[in-house]
Amino acid sequence: TELTTNARVVSTEVELDIVSSYANLKKYMSKCLEYRSQNGYQVIDANLDREQNKAYFIGKSNFDTYTFKVLLESVGNEQTKITYFSPKKKIGFSESNPQKTLDKLKDFSLYDGKAVCKF
């Protein structure tokens, strides 16, 4: 709750169903955003609720610090709204442009090929 209420929020829509958007983003996040190193880690909690037509991804790093949240909502048969929540203050990480991150998420939500970290 604190993550979503005290965050910078940006959103966009893509012309793809929520299940496909979720699957594409899950491949990207598991390959490119999850990591473990001697200096720390980031894990991604992902959930798709087909009955509610919603999905989310929550990034969590060292000491249970939340790094981001991505909410997917169906707004039609072939339309998905992507909302990105970026905390205003992060320990050891400062994001200056949440819109740039959202644009990247949008691109990856539409990409159904092999998971890649850069376009």
# chains A, B, ... in the order shown; residues from 1 in each chain; ligands from 1
>>> select_by_dssp(residues="chain A", states="strand (DSSP E)", output="JSON, numbers by chain")
{"A": [7, 8, 9, 10, 11, 12, 13, 14, 35, 36, 37, 40, 41, 42, 43, 44, 45, 46, 47, 48, 49, 54, 55, 56, 57, 58, 59, 60, 61, 65, 66, 67, 68, 69, 70, 71, 72, 73, 74, 75, 76, 79, 80, 81, 82, 83, 84, 85, 86, 87]}
>>> select_by_dssp(residues="chain A", states="alpha helix (DSSP H)", output="MDAnalysis selection string")
chainID A and resid 2:5 18:32 98:110
>>> closest_residue(among="A:Ala46, A:Lys88, A:Thr65, A:Lys54", to="Lys27 in chain A", atoms="only C-alpha atoms")
A:Ala46
>>> residues_around(residues="Asp64 in chain A", least_positions_apart="3", cutoff="10 Å", atoms="only C-alpha atoms", output="list in words")
Gln42, Val43, Gly59, Lys60, Ser61 and Thr67 of chain A
>>> closest_residue(among="A:Cys32, A:Glu51, A:Asn6, A:Ser11", to="Val70 in chain A", atoms="only C-alpha atoms")
A:Ser11
>>> closest_residue(among="A:Gly76, A:Arg50, A:Ile58, A:Thr4", to="Leu33 in chain A", atoms="only C-alpha atoms")
A:Ile58
>>> closest_residue(among="A:Leu110, A:Leu102, A:Leu3, A:Ala55", to="Ser20 in chain A", atoms="only C-alpha atoms")
A:Leu110
>>> closest_residue(among="A:Ile18, A:Val75, A:Lys69, A:Leu105", to="Thr5 in chain A", atoms="only C-alpha atoms")
A:Lys69
>>> residues_around(residues="Lys31 in chain A", least_positions_apart="3", cutoff="9 Å", atoms="only C-alpha atoms", output="PyMOL selection string")
chain A and resi 26-28+34-35+115-117
>>> write_last_selection(atoms="N, CA, C and O atoms", output="PDB file, in the first residue's frame")
ATOM      1  N   LYS A  26       6.686 -11.024 -18.119  1.00  0.00           N
ATOM      2  CA  LYS A  26       7.258 -11.973 -17.159  1.00  0.00           C
ATOM      3  C   LYS A  26       8.576 -12.534 -17.690  1.00  0.00           C
ATOM      4  O   LYS A  26       9.544 -12.671 -16.943  1.00  0.00           O
ATOM      5  N   LYS A  27       8.643 -12.849 -18.992  1.00  0.00           N
ATOM      6  CA  LYS A  27       9.900 -13.333 -19.583  1.00  0.00           C
ATOM      7  C   LYS A  27      10.994 -12.275 -19.444  1.00  0.00           C
ATOM      8  O   LYS A  27      12.115 -12.580 -19.051  1.00  0.00           O
ATOM      9  N   TYR A  28      10.646 -11.040 -19.765  1.00  0.00           N
ATOM     10  CA  TYR A  28      11.612  -9.949 -19.686  1.00  0.00           C
ATOM     11  C   TYR A  28      12.103  -9.743 -18.246  1.00  0.00           C
ATOM     12  O   TYR A  28      13.302  -9.660 -17.989  1.00  0.00           O
ATOM     13  N   GLU A  34      15.566  -9.610 -12.495  1.00  0.00           N
ATOM     14  CA  GLU A  34      15.895 -10.396 -11.301  1.00  0.00           C
ATOM     15  C   GLU A  34      17.394 -10.662 -11.278  1.00  0.00           C
ATOM     16  O   GLU A  34      17.981 -11.023 -12.300  1.00  0.00           O
ATOM     17  N   TYR A  35      18.001 -10.476 -10.130  1.00  0.00           N
ATOM     18  CA  TYR A  35      19.426 -10.763 -10.019  1.00  0.00           C
ATOM     19  C   TYR A  35      19.797 -11.043  -8.570  1.00  0.00           C
ATOM     20  O   TYR A  35      19.089 -10.684  -7.636  1.00  0.00           O
ATOM     21  N   ALA A 115      13.243 -13.726 -24.854  1.00  0.00           N
ATOM     22  CA  ALA A 115      13.502 -12.633 -23.899  1.00  0.00           C
ATOM     23  C   ALA A 115      14.857 -11.988 -24.155  1.00  0.00           C
ATOM     24  O   ALA A 115      15.870 -12.666 -24.245  1.00  0.00           O
ATOM     25  N   VAL A 116      14.843 -10.681 -24.331  1.00  0.00           N
ATOM     26  CA  VAL A 116      16.049  -9.896 -24.519  1.00  0.00           C
ATOM     27  C   VAL A 116      16.010  -8.744 -23.532  1.00  0.00           C
ATOM     28  O   VAL A 116      14.948  -8.347 -23.069  1.00  0.00           O
ATOM     29  N   CYS A 117      17.170  -8.214 -23.198  1.00  0.00           N
ATOM     30  CA  CYS A 117      17.212  -7.131 -22.211  1.00  0.00           C
ATOM     31  C   CYS A 117      17.254  -5.742 -22.846  1.00  0.00           C
ATOM     32  O   CYS A 117      17.036  -4.761 -22.165  1.00  0.00           O
TER      33      CYS A 117
END
>>> atom_distance(atom1="CA of Phe68 in chain A", atom2="CA of Lys118 in chain A")
19.1 Å
>>> closest_residue(among="A:Phe108, A:Phe85, A:Tyr41, A:Tyr22", to="Val10 in chain A", atoms="only C-alpha atoms")
A:Phe85
>>> atom_distance(atom1="CA of Lys106 in chain A", atom2="CA of Arg36 in chain A")
25.1 Å
>>> atom_distance(atom1="CA of Glu2 in chain A", atom2="CA of Ser86 in chain A")
11.3 Å
>>> decode(residues="range 40-53 of chain A", atoms="all heavy atoms", output="short mmCIF file (atom, residue, chain, number, x, y, z; two decimals), in the first residue's frame")
data_model
loop_
_atom_site.label_atom_id
_atom_site.label_comp_id
_atom_site.auth_asym_id
_atom_site.auth_seq_id
_atom_site.Cartn_x
_atom_site.Cartn_y
_atom_site.Cartn_z
N GLY A 40 23.85 -7.71 -3.25
CA GLY A 40 22.41 -7.65 -3.02
C GLY A 40 21.64 -8.46 -4.04
O GLY A 40 22.20 -9.29 -4.75
N TYR A 41 20.36 -8.21 -4.10
CA TYR A 41 19.50 -8.96 -5.00
C TYR A 41 18.25 -8.16 -5.32
O TYR A 41 17.94 -7.18 -4.65
CB TYR A 41 19.09 -10.29 -4.37
CG TYR A 41 18.22 -10.15 -3.14
CD1 TYR A 41 16.83 -10.07 -3.25
CD2 TYR A 41 18.77 -10.05 -1.87
CE1 TYR A 41 16.03 -9.90 -2.13
CE2 TYR A 41 17.98 -9.89 -0.76
CZ TYR A 41 16.62 -9.83 -0.89
OH TYR A 41 15.82 -9.66 0.21
N GLN A 42 17.55 -8.59 -6.32
CA GLN A 42 16.20 -8.10 -6.62
C GLN A 42 15.40 -9.30 -7.11
O GLN A 42 15.82 -10.01 -8.00
CB GLN A 42 16.18 -7.01 -7.67
CG GLN A 42 14.74 -6.59 -8.02
CD GLN A 42 14.66 -5.31 -8.79
OE1 GLN A 42 14.60 -4.25 -8.19
NE2 GLN A 42 14.65 -5.39 -10.11
N VAL A 43 14.26 -9.52 -6.50
CA VAL A 43 13.34 -10.56 -6.93
C VAL A 43 12.06 -9.90 -7.40
O VAL A 43 11.73 -8.78 -6.99
CB VAL A 43 13.04 -11.58 -5.80
CG1 VAL A 43 14.28 -12.36 -5.42
CG2 VAL A 43 12.45 -10.90 -4.58
N ILE A 44 11.35 -10.59 -8.28
CA ILE A 44 10.11 -10.07 -8.83
C ILE A 44 8.98 -11.00 -8.42
O ILE A 44 9.01 -12.19 -8.73
CB ILE A 44 10.16 -9.98 -10.37
CG1 ILE A 44 11.43 -9.28 -10.86
CG2 ILE A 44 8.89 -9.32 -10.90
CD1 ILE A 44 11.56 -7.84 -10.51
N ASP A 45 7.99 -10.45 -7.74
CA ASP A 45 6.79 -11.19 -7.40
C ASP A 45 5.77 -10.90 -8.50
O ASP A 45 5.46 -9.73 -8.77
CB ASP A 45 6.26 -10.74 -6.04
CG ASP A 45 5.02 -11.49 -5.59
OD1 ASP A 45 4.80 -12.62 -6.09
OD2 ASP A 45 4.27 -10.96 -4.76
N ALA A 46 5.26 -11.95 -9.16
CA ALA A 46 4.34 -11.76 -10.28
C ALA A 46 3.05 -12.54 -10.02
O ALA A 46 3.09 -13.64 -9.47
CB ALA A 46 4.98 -12.25 -11.57
N ASN A 47 1.92 -11.97 -10.43
CA ASN A 47 0.65 -12.64 -10.24
C ASN A 47 -0.32 -12.20 -11.34
O ASN A 47 -0.43 -11.02 -11.65
CB ASN A 47 0.06 -12.30 -8.87
CG ASN A 47 -1.21 -13.07 -8.58
OD1 ASN A 47 -1.35 -14.23 -8.98
ND2 ASN A 47 -2.14 -12.44 -7.91
N LEU A 48 -1.02 -13.18 -11.90
CA LEU A 48 -2.05 -12.92 -12.91
C LEU A 48 -3.37 -13.43 -12.35
O LEU A 48 -3.48 -14.59 -11.97
CB LEU A 48 -1.73 -13.64 -14.21
CG LEU A 48 -2.81 -13.65 -15.29
CD1 LEU A 48 -3.12 -12.24 -15.78
CD2 LEU A 48 -2.41 -14.55 -16.45
N ASP A 49 -4.38 -12.56 -12.27
CA ASP A 49 -5.71 -12.93 -11.81
C ASP A 49 -6.66 -12.83 -13.01
O ASP A 49 -7.10 -11.74 -13.38
CB ASP A 49 -6.16 -11.99 -10.69
CG ASP A 49 -7.48 -12.40 -10.05
OD1 ASP A 49 -8.25 -13.17 -10.69
OD2 ASP A 49 -7.75 -11.96 -8.93
N ARG A 50 -6.96 -13.97 -13.60
CA ARG A 50 -7.78 -13.99 -14.81
C ARG A 50 -9.23 -13.58 -14.52
O ARG A 50 -9.89 -13.00 -15.38
CB ARG A 50 -7.76 -15.37 -15.45
CG ARG A 50 -6.40 -15.73 -16.03
CD ARG A 50 -6.38 -17.17 -16.54
NE ARG A 50 -5.06 -17.58 -16.90
CZ ARG A 50 -4.62 -17.65 -18.15
NH1 ARG A 50 -5.42 -17.35 -19.15
NH2 ARG A 50 -3.39 -18.04 -18.41
N GLU A 51 -9.74 -13.88 -13.34
CA GLU A 51 -11.11 -13.50 -13.00
C GLU A 51 -11.28 -11.99 -12.88
O GLU A 51 -12.30 -11.44 -13.28
CB GLU A 51 -11.55 -14.19 -11.70
CG GLU A 51 -11.72 -15.69 -11.84
CD GLU A 51 -12.13 -16.34 -10.54
OE1 GLU A 51 -12.57 -15.62 -9.60
OE2 GLU A 51 -12.03 -17.57 -10.46
N GLN A 52 -10.29 -11.33 -12.30
CA GLN A 52 -10.35 -9.88 -12.13
C GLN A 52 -9.78 -9.12 -13.33
O GLN A 52 -9.86 -7.89 -13.38
CB GLN A 52 -9.55 -9.47 -10.88
CG GLN A 52 -10.12 -10.00 -9.59
CD GLN A 52 -11.39 -9.29 -9.20
OE1 GLN A 52 -11.52 -8.09 -9.39
NE2 GLN A 52 -12.33 -10.03 -8.66
N ASN A 53 -9.19 -9.85 -14.28
CA ASN A 53 -8.53 -9.24 -15.44
C ASN A 53 -7.47 -8.23 -15.01
O ASN A 53 -7.38 -7.12 -15.54
CB ASN A 53 -9.54 -8.58 -16.38
CG ASN A 53 -10.32 -9.59 -17.16
OD1 ASN A 53 -9.76 -10.59 -17.61
ND2 ASN A 53 -11.60 -9.35 -17.35
#
